[in-house]
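Pasted below: query.pdb, PDB, C-alpha atoms, pLDDT in the B column.
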ATOM      1  CA  MET L 265      12.696  34.811  10.907  1.00 35.00           C
ATOM      2  CA  VAL L 266      11.715  31.322  12.067  1.00 33.00           C
ATOM      3  CA  ASP L 267       8.063  32.325  12.197  1.00 38.00           C
ATOM      4  CA  ASP L 268       8.297  33.617   8.619  1.00 41.00           C
ATOM      5  CA  ILE L 269       9.772  30.316   7.412  1.00 35.00           C
ATOM      6  CA  ILE L 270       7.072  28.290   9.181  1.00 36.00           C
ATOM      7  CA  ARG L 271       4.395  30.551   7.705  1.00 44.00           C
ATOM      8  CA  GLU L 272       5.838  30.117   4.205  1.00 46.00           C
ATOM      9  CA  ILE L 273       5.863  26.316   4.598  1.00 41.00           C
ATOM     10  CA  GLU L 274       2.254  26.329   5.760  1.00 45.00           C
ATOM     11  CA  GLU L 275       1.290  28.443   2.765  1.00 50.00           C
ATOM     12  CA  ASP L 276       3.047  25.994   0.465  1.00 47.00           C
ATOM     13  CA  LEU L 277       1.104  23.124   2.001  1.00 46.00           C
ATOM     14  CA  ARG L 278      -2.111  24.911   1.134  1.00 49.00           C
ATOM     15  CA  SER L 279      -0.939  25.901  -2.317  1.00 52.00           C
ATOM     16  CA  ASP L 280      -2.166  24.644  -5.648  1.00 53.00           C
ATOM     17  CA  ARG L 281       1.212  22.972  -6.215  1.00 54.00           C
ATOM     18  CA  PHE L 282       0.671  20.542  -3.381  1.00 54.00           C
ATOM     19  CA  LYS L 283      -2.955  20.001  -4.316  1.00 56.00           C
ATOM     20  CA  ARG L 284      -1.963  19.153  -7.876  1.00 59.00           C
ATOM     21  CA  TRP L 285       0.770  16.824  -6.640  1.00 54.00           C
ATOM     22  CA  TRP L 286      -1.607  15.095  -4.245  1.00 54.00           C
ATOM     23  CA  GLN L 287      -4.319  14.644  -6.866  1.00 57.00           C
ATOM     24  CA  ARG L 288      -1.767  13.201  -9.238  1.00 58.00           C
ATOM     25  CA  TYR L 289      -0.058  10.780  -6.876  1.00 56.00           C
ATOM     26  CA  GLN L 290      -2.431   9.930  -4.011  1.00 55.00           C
ATOM     27  CA  ASN L 291      -3.533   6.670  -5.621  1.00 56.00           C
ATOM     28  CA  TYR L 292       0.100   5.603  -5.953  1.00 54.00           C
ATOM     29  CA  VAL L 293       0.829   6.514  -2.341  1.00 53.00           C
ATOM     30  CA  TYR L 294      -2.214   4.718  -0.952  1.00 50.00           C
ATOM     31  CA  GLY L 295      -2.321   1.660  -3.096  1.00 52.00           C
ATOM     32  CA  ALA L 296       1.120   1.516  -4.673  1.00 49.00           C
ATOM     33  CA  ALA L 297       1.318  -1.377  -7.096  1.00 46.00           C
ATOM     34  CA  VAL L 298      -1.196  -3.530  -5.227  1.00 55.00           C
ATOM     35  CA  LEU L 299      -1.976  -5.726  -8.196  1.00 51.00           C
ATOM     36  CA  LEU L 300       1.688  -5.993  -9.160  1.00 49.00           C
ATOM     37  CA  VAL L 301       2.596  -7.099  -5.656  1.00 56.00           C
ATOM     38  CA  LEU L 302      -0.135  -9.706  -5.670  1.00 59.00           C
ATOM     39  CA  ALA L 303       0.759 -10.913  -9.159  1.00 56.00           C
ATOM     40  CA  VAL L 304       4.439 -11.264  -8.274  1.00 56.00           C
ATOM     41  CA  ALA L 305       3.604 -12.995  -5.028  1.00 61.00           C
ATOM     42  CA  GLY L 306       1.279 -15.349  -6.860  1.00 59.00           C
ATOM     43  CA  TYR L 307       3.918 -16.124  -9.449  1.00 56.00           C
ATOM     44  CA  GLU L 308       6.515 -16.831  -6.752  1.00 59.00           C
ATOM     45  CA  PHE L 309       4.146 -19.196  -4.987  1.00 60.00           C
ATOM     46  CA  TRP L 310       3.476 -20.952  -8.284  1.00 52.00           C
ATOM     47  CA  GLN L 311       7.179 -21.291  -8.983  1.00 57.00           C
ATOM     48  CA  GLN L 312       7.966 -22.569  -5.511  1.00 58.00           C
ATOM     49  CA  ARG L 313       5.084 -24.999  -5.292  1.00 52.00           C
ATOM     50  CA  GLN L 314       5.227 -27.333  -8.285  1.00 51.00           C
ATOM     51  CA  ALA L 315       2.796 -29.910  -6.933  1.00 57.00           C
ATOM     52  CA  ALA L 316      -0.294 -30.429  -9.053  1.00 59.00           C
ATOM     53  CA  ALA L 317      -2.613 -29.021  -6.408  1.00 62.00           C
ATOM     54  CA  ARG L 318      -0.610 -25.808  -6.099  1.00 65.00           C
ATOM     55  CA  ALA L 319      -0.393 -25.439  -9.867  1.00 67.00           C
ATOM     56  CA  ALA L 320      -4.179 -25.775 -10.054  1.00 71.00           C
ATOM     57  CA  GLU L 321      -4.590 -23.143  -7.352  1.00 70.00           C
ATOM     58  CA  GLY L 322      -2.237 -20.859  -9.250  1.00 69.00           C
ATOM     59  CA  ALA L 323      -4.312 -21.287 -12.387  1.00 72.00           C
ATOM     60  CA  ARG L 324      -7.480 -20.466 -10.465  1.00 72.00           C
ATOM     61  CA  PHE L 325      -5.863 -17.346  -9.041  1.00 70.00           C
ATOM     62  CA  ALA L 326      -4.713 -16.271 -12.503  1.00 72.00           C
ATOM     63  CA  ARG L 327      -8.216 -16.816 -13.860  1.00 75.00           C
ATOM     64  CA  ALA L 328      -9.726 -14.668 -11.108  1.00 71.00           C
ATOM     65  CA  ALA L 329      -7.217 -11.931 -11.931  1.00 73.00           C
ATOM     66  CA  GLU L 330      -8.200 -12.136 -15.598  1.00 75.00           C
ATOM     67  CA  LEU L 331     -11.864 -11.715 -14.678  1.00 73.00           C
ATOM     68  CA  ALA L 332     -11.024  -8.640 -12.601  1.00 73.00           C
ATOM     69  CA  ASP L 333      -8.880  -7.155 -15.359  1.00 74.00           C
ATOM     70  CA  GLY L 334     -11.739  -7.716 -17.785  1.00 75.00           C
ATOM     71  CA  GLY L 335     -14.130  -5.783 -15.561  1.00 75.00           C
ATOM     72  CA  ASP L 336     -16.052  -8.767 -14.184  1.00 71.00           C
ATOM     73  CA  LEU L 337     -15.568  -7.866 -10.521  1.00 72.00           C
ATOM     74  CA  ALA L 338     -18.505  -9.989  -9.393  1.00 80.00           C
ATOM     75  CA  GLY L 339     -17.124 -13.059 -11.145  1.00 78.00           C
ATOM     76  CA  ALA L 340     -13.635 -12.369  -9.822  1.00 73.00           C
ATOM     77  CA  THR L 341     -14.942 -11.989  -6.283  1.00 76.00           C
ATOM     78  CA  GLN L 342     -16.841 -15.268  -6.516  1.00 79.00           C
ATOM     79  CA  ALA L 343     -13.760 -17.079  -7.845  1.00 72.00           C
ATOM     80  CA  LEU L 344     -11.513 -15.595  -5.166  1.00 72.00           C
ATOM     81  CA  ASP L 345     -13.974 -16.421  -2.396  1.00 76.00           C
ATOM     82  CA  ALA L 346     -14.006 -20.060  -3.508  1.00 75.00           C
ATOM     83  CA  LEU L 347     -10.210 -20.102  -3.731  1.00 71.00           C
ATOM     84  CA  ALA L 348      -9.881 -18.614  -0.255  1.00 73.00           C
ATOM     85  CA  ARG L 349     -12.020 -21.462   1.091  1.00 75.00           C
ATOM     86  CA  ASP L 350     -10.410 -24.299  -0.874  1.00 72.00           C
ATOM     87  CA  ALA L 351      -6.754 -23.424  -1.340  1.00 65.00           C
ATOM     88  CA  GLY L 352      -3.703 -23.954   0.811  1.00 65.00           C
ATOM     89  CA  GLY L 353      -2.326 -21.190   3.008  1.00 63.00           C
ATOM     90  CA  GLY L 354      -0.433 -19.179   0.386  1.00 73.00           C
ATOM     91  CA  TYR L 355      -3.061 -18.908  -2.311  1.00 75.00           C
ATOM     92  CA  ALA L 356      -5.859 -18.609   0.221  1.00 81.00           C
ATOM     93  CA  THR L 357      -4.206 -15.506   1.655  1.00 83.00           C
ATOM     94  CA  LEU L 358      -3.518 -14.084  -1.801  1.00 81.00           C
ATOM     95  CA  ALA L 359      -7.179 -14.570  -2.677  1.00 82.00           C
ATOM     96  CA  ARG L 360      -8.254 -12.756   0.491  1.00 85.00           C
ATOM     97  CA  LEU L 361      -5.904  -9.852  -0.269  1.00 85.00           C
ATOM     98  CA  TYR L 362      -7.210  -9.586  -3.800  1.00 84.00           C
ATOM     99  CA  GLU L 363     -10.814  -9.732  -2.556  1.00 86.00           C
ATOM    100  CA  ALA L 364     -10.104  -6.769  -0.285  1.00 88.00           C
ATOM    101  CA  ASP L 365      -8.664  -4.849  -3.217  1.00 85.00           C
ATOM    102  CA  LEU L 366     -11.782  -5.561  -5.277  1.00 85.00           C
ATOM    103  CA  LEU L 367     -13.971  -4.243  -2.466  1.00 87.00           C
ATOM    104  CA  ALA L 368     -11.985  -1.012  -2.473  1.00 86.00           C
ATOM    105  CA  ARG L 369     -12.343  -0.768  -6.245  1.00 83.00           C
ATOM    106  CA  LYS L 370     -16.100  -1.089  -5.837  1.00 85.00           C
ATOM    107  CA  GLY L 371     -16.024   1.810  -3.374  1.00 87.00           C
ATOM    108  CA  ASP L 372     -16.388  -0.236  -0.189  1.00 90.00           C
ATOM    109  CA  VAL L 373     -13.262   1.088   1.519  1.00 90.00           C
ATOM    110  CA  ASP L 374     -14.509   0.211   5.011  1.00 92.00           C
ATOM    111  CA  GLY L 375     -15.107  -3.364   3.914  1.00 92.00           C
ATOM    112  CA  ALA L 376     -11.658  -3.541   2.343  1.00 90.00           C
ATOM    113  CA  VAL L 377      -9.989  -2.237   5.498  1.00 92.00           C
ATOM    114  CA  GLN L 378     -11.867  -4.796   7.593  1.00 93.00           C
ATOM    115  CA  ARG L 379     -10.627  -7.581   5.294  1.00 91.00           C
ATOM    116  CA  TYR L 380      -7.057  -6.335   5.513  1.00 93.00           C
ATOM    117  CA  ASP L 381      -7.291  -6.135   9.302  1.00 94.00           C
ATOM    118  CA  ALA L 382      -8.554  -9.709   9.452  1.00 93.00           C
ATOM    119  CA  ILE L 383      -5.607 -10.923   7.379  1.00 91.00           C
ATOM    120  CA  ALA L 384      -3.162  -8.931   9.503  1.00 93.00           C
ATOM    121  CA  ALA L 385      -4.553 -10.595  12.635  1.00 93.00           C
ATOM    122  CA  ASP L 386      -4.429 -14.116  11.158  1.00 89.00           C
ATOM    123  CA  ASN L 387      -1.506 -15.915  12.789  1.00 89.00           C
ATOM    124  CA  GLY L 388      -1.831 -18.706  10.249  1.00 86.00           C
ATOM    125  CA  ALA L 389      -0.979 -16.403   7.347  1.00 85.00           C
ATOM    126  CA  ASP L 390       2.543 -15.760   6.087  1.00 85.00           C
ATOM    127  CA  ARG L 391       4.226 -12.887   7.936  1.00 88.00           C
ATOM    128  CA  GLN L 392       4.956 -10.905   4.779  1.00 85.00           C
ATOM    129  CA  PHE L 393       1.338 -11.139   3.656  1.00 86.00           C
ATOM    130  CA  ARG L 394       0.165 -10.043   7.093  1.00 91.00           C
ATOM    131  CA  ASP L 395       2.489  -7.045   6.920  1.00 91.00           C
ATOM    132  CA  LEU L 396       1.266  -6.254   3.408  1.00 88.00           C
ATOM    133  CA  ALA L 397      -2.301  -6.231   4.735  1.00 91.00           C
ATOM    134  CA  ILE L 398      -1.250  -3.755   7.445  1.00 92.00           C
ATOM    135  CA  LEU L 399       0.368  -1.541   4.807  1.00 89.00           C
ATOM    136  CA  LEU L 400      -2.625  -1.555   2.467  1.00 90.00           C
ATOM    137  CA  ALA L 401      -5.081  -0.863   5.285  1.00 91.00           C
ATOM    138  CA  ALA L 402      -2.891   1.999   6.476  1.00 90.00           C
ATOM    139  CA  GLY L 403      -2.989   3.486   2.994  1.00 87.00           C
ATOM    140  CA  TYR L 404      -6.757   3.727   3.110  1.00 87.00           C
ATOM    141  CA  ARG L 405      -6.633   5.048   6.668  1.00 86.00           C
ATOM    142  CA  ALA L 406      -4.188   7.839   5.807  1.00 81.00           C
ATOM    143  CA  ASP L 407      -6.975  10.399   5.316  1.00 77.00           C
ATOM    144  CA  ARG L 408      -8.810   9.252   8.429  1.00 80.00           C
ATOM    145  CA  GLU L 409      -6.168   8.885  11.125  1.00 83.00           C
ATOM    146  CA  ASP L 410      -3.661  11.358  12.483  1.00 85.00           C
ATOM    147  CA  ALA L 411       0.006  10.965  11.620  1.00 86.00           C
ATOM    148  CA  ALA L 412       0.951   9.555  15.028  1.00 88.00           C
ATOM    149  CA  ALA L 413      -1.653   6.784  14.866  1.00 90.00           C
ATOM    150  CA  LEU L 414      -0.671   5.886  11.309  1.00 89.00           C
ATOM    151  CA  THR L 415       3.024   5.769  12.216  1.00 90.00           C
ATOM    152  CA  GLN L 416       2.241   3.487  15.152  1.00 92.00           C
ATOM    153  CA  ARG L 417       0.363   1.082  12.893  1.00 91.00           C
ATOM    154  CA  LEU L 418       3.304   0.974  10.489  1.00 92.00           C
ATOM    155  CA  GLN L 419       6.072   0.821  13.090  1.00 92.00           C
ATOM    156  CA  ALA L 420       7.146  -2.756  12.404  1.00 90.00           C
ATOM    157  CA  LEU L 421       7.147  -2.148   8.645  1.00 93.00           C
ATOM    158  CA  LEU L 422       9.571   0.772   8.908  1.00 93.00           C
ATOM    159  CA  ALA L 423      12.467  -1.466   9.962  1.00 92.00           C
ATOM    160  CA  GLU L 424      15.354  -2.177   7.599  1.00 92.00           C
ATOM    161  CA  THR L 425      14.389  -5.843   7.503  1.00 91.00           C
ATOM    162  CA  SER L 426      10.884  -5.185   6.210  1.00 90.00           C
ATOM    163  CA  PRO L 427      10.312  -5.661   2.458  1.00 88.00           C
ATOM    164  CA  TRP L 428       7.569  -3.028   2.684  1.00 90.00           C
ATOM    165  CA  ARG L 429       9.701  -0.370   4.413  1.00 92.00           C
ATOM    166  CA  PHE L 430       9.904   2.078   1.511  1.00 92.00           C
ATOM    167  CA  THR L 431       6.156   2.344   0.930  1.00 90.00           C
ATOM    168  CA  ALA L 432       5.598   2.504   4.714  1.00 91.00           C
ATOM    169  CA  ARG L 433       8.101   5.360   4.987  1.00 93.00           C
ATOM    170  CA  GLU L 434       6.423   7.183   2.119  1.00 91.00           C
ATOM    171  CA  LEU L 435       3.037   6.902   3.813  1.00 89.00           C
ATOM    172  CA  VAL L 436       4.454   8.188   7.104  1.00 91.00           C
ATOM    173  CA  ALA L 437       6.159  11.148   5.381  1.00 90.00           C
ATOM    174  CA  VAL L 438       3.010  12.138   3.490  1.00 87.00           C
ATOM    175  CA  ALA L 439       0.910  11.778   6.650  1.00 88.00           C
ATOM    176  CA  ALA L 440       3.313  14.117   8.459  1.00 88.00           C
ATOM    177  CA  LEU L 441       3.072  16.617   5.625  1.00 85.00           C
ATOM    178  CA  ARG L 442      -0.717  16.531   5.606  1.00 84.00           C
ATOM    179  CA  ALA L 443      -0.644  17.082   9.375  1.00 84.00           C
ATOM    180  CA  GLY L 444       1.464  20.220   8.881  1.00 85.00           C
ATOM    181  CA  ASN L 445       4.701  18.752  10.239  1.00 87.00           C
ATOM    182  CA  ALA L 446       6.897  19.893   7.367  1.00 87.00           C
ATOM    183  CA  ALA L 447      10.185  19.225   9.140  1.00 90.00           C
ATOM    184  CA  GLU L 448       9.342  15.579   9.821  1.00 91.00           C
ATOM    185  CA  ALA L 449       7.977  15.140   6.308  1.00 88.00           C
ATOM    186  CA  ARG L 450      11.080  16.687   4.775  1.00 91.00           C
ATOM    187  CA  ALA L 451      13.342  14.358   6.755  1.00 93.00           C
ATOM    188  CA  GLY L 452      11.412  11.288   5.661  1.00 93.00           C
ATOM    189  CA  LEU L 453      11.198  12.331   2.029  1.00 92.00           C
ATOM    190  CA  THR L 454      14.886  13.240   1.919  1.00 94.00           C
ATOM    191  CA  ARG L 455      15.780   9.827   3.273  1.00 94.00           C
ATOM    192  CA  LEU L 456      13.757   8.171   0.529  1.00 94.00           C
ATOM    193  CA  ALA L 457      15.099  10.424  -2.225  1.00 94.00           C
ATOM    194  CA  ASP L 458      18.740   9.974  -1.176  1.00 94.00           C
ATOM    195  CA  ASP L 459      18.644   6.209  -0.620  1.00 93.00           C
ATOM    196  CA  ALA L 460      19.890   4.388  -3.718  1.00 93.00           C
ATOM    197  CA  THR L 461      17.966   1.263  -2.655  1.00 93.00           C
ATOM    198  CA  THR L 462      14.610   3.061  -2.687  1.00 92.00           C
ATOM    199  CA  PRO L 463      12.452   1.863  -5.624  1.00 89.00           C
ATOM    200  CA  ALA L 464      12.600   4.315  -8.525  1.00 90.00           C
ATOM    201  CA  GLY L 465       8.936   5.297  -8.397  1.00 89.00           C
ATOM    202  CA  ILE L 466       9.023   6.136  -4.707  1.00 89.00           C
ATOM    203  CA  ARG L 467      12.305   8.040  -5.082  1.00 92.00           C
ATOM    204  CA  ALA L 468      10.832  10.113  -7.894  1.00 91.00           C
ATOM    205  CA  ARG L 469       7.688  10.964  -5.919  1.00 90.00           C
ATOM    206  CA  ALA L 470       9.741  11.883  -2.845  1.00 91.00           C
ATOM    207  CA  ALA L 471      12.015  14.151  -4.890  1.00 92.00           C
ATOM    208  CA  GLU L 472       9.057  15.845  -6.562  1.00 89.00           C
ATOM    209  CA  LEU L 473       7.266  16.475  -3.294  1.00 87.00           C
ATOM    210  CA  LEU L 474      10.485  17.881  -1.798  1.00 88.00           C
ATOM    211  CA  LYS L 475      10.525  20.403  -4.647  1.00 86.00           C
ATOM    212  CA  THR L 476       7.059  21.621  -3.687  1.00 82.00           C
ATOM    213  CA  LEU L 477       8.391  22.323  -0.197  1.00 80.00           C
ATOM    214  CA  ASP L 478      11.351  24.263  -1.543  1.00 72.00           C
ATOM    215  CA  GLU L 479       9.443  26.410  -4.027  1.00 61.00           C
TER     216      GLU L 479
END
Structure rendered as structure tokens:
Amino acid sequence: MVDDIIREIEEDLRSDRFKRWWQRYQNYVYGAAVLLVLAVAGYEFWQQRQAAARAAEGARFARAAELADGGDLAGATQALDALARDAGGGYATLARLYEADLLARKGDVDGAVQRYDAIAADNGADRQFRDLAILLAAGYRADREDAAALTQRLQALLAETSPWRFTARELVAVAALRAGNAAEARAGLTRLADDATTPAGIRARAAELLKTLDE
């Protein structure tokens, strides 16, 4: 009986349902709201730092974002590189994070991961930004590392005190599922789906993926 259940779960994992789900949502899982996070963080820094220099840095960051949104990735990269050199700690780190994202958008995932790792190892950067860099790098590593290694990288971000805990938990659950550990994946996804504090998008994805396991 148990063997039959395990076999059915493994068949589901190989089924078209999971493939369709993964194709539809993998970008959300790996890079969930990167630009939104950076934009919100930039806005908060701008609001908190009213000095003229910080306002100017905020304007430069916004301009770089506009260039990227308009498709001028080269111009955006140049503007962000200059901001990373010239700005104070907050905007400098934001610029570095955004630069890494632009590298990934250009297809240089290895380069992006290296940038994220450098930010994560920078003791001069804000702790939340360092943790965000760990999270984003882990997203790109999800197809390259086994579930245990990915979970270890994200361990600190899984805690209740981490602002990135929900996305980290989603990554860990999906990594477990891709590794064939359906029981662990189900537990993680159920926790996300049942937690009223989980962001709506993550809750919806967790609930939908749980359905593919039950079908």
| request: Starting from the displayed file, determine the output of the PyMOL selection byres ((chain L and resi 455-464) around 10) and express the residue list as a count of residues only. | output: 22
Residue with the minimum atom-to-atom distance to L:Arg379, picked from L:Ala364, L:Ala443, L:Leu414, L:Ile398 with only C-alpha atoms counted, is L:Ala364
Handout entry: Residues near L:Asp390, cut-off 10 Å, all atoms listed in the file, skip fewer than 5 positions along chain, as a PyMOL selection string
Key = chain L and resi 353-354+357+383-384+395-396
L:Leu344 proximity check over L:Leu435, L:Leu367, L:Phe393, L:Arg405, using all atoms listed in the file: winner is L:Leu367
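Here atom CA of L:Glu363 and atom CA of L:Thr341 stand 6.0 Å from one another.
Compared by their closest atoms to L:Thr415, and using all atoms listed in the file, the residues L:Ala329, L:Leu361, L:Ala376, L:Ala402 rank with L:Ala402 nearest.
Note that the spacing between atom CA of L:Arg417 and atom CA of L:Tyr362 amounts to 21.2 Å.
Between atom CA of L:Arg360 and atom CA of L:Gly375 there is a distance of 12.1 Å.
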Hey, could you pull the box centre and edge lengths for stretch 440-444 of chain L, axis-aligned, 6 Å padding per side, all listed atoms, to one decimal in Å, as lines of an AutoDock Vina configuration file?
center_x = 1.3
center_y = 17.2
center_z = 7.5
size_x = 16.0
size_y = 18.1
size_z = 15.8
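Closest to L:Ser426 among L:Ala368, L:Gln392, L:Ala446, L:Gly339 is L:Gln392, based on only C-alpha atoms.
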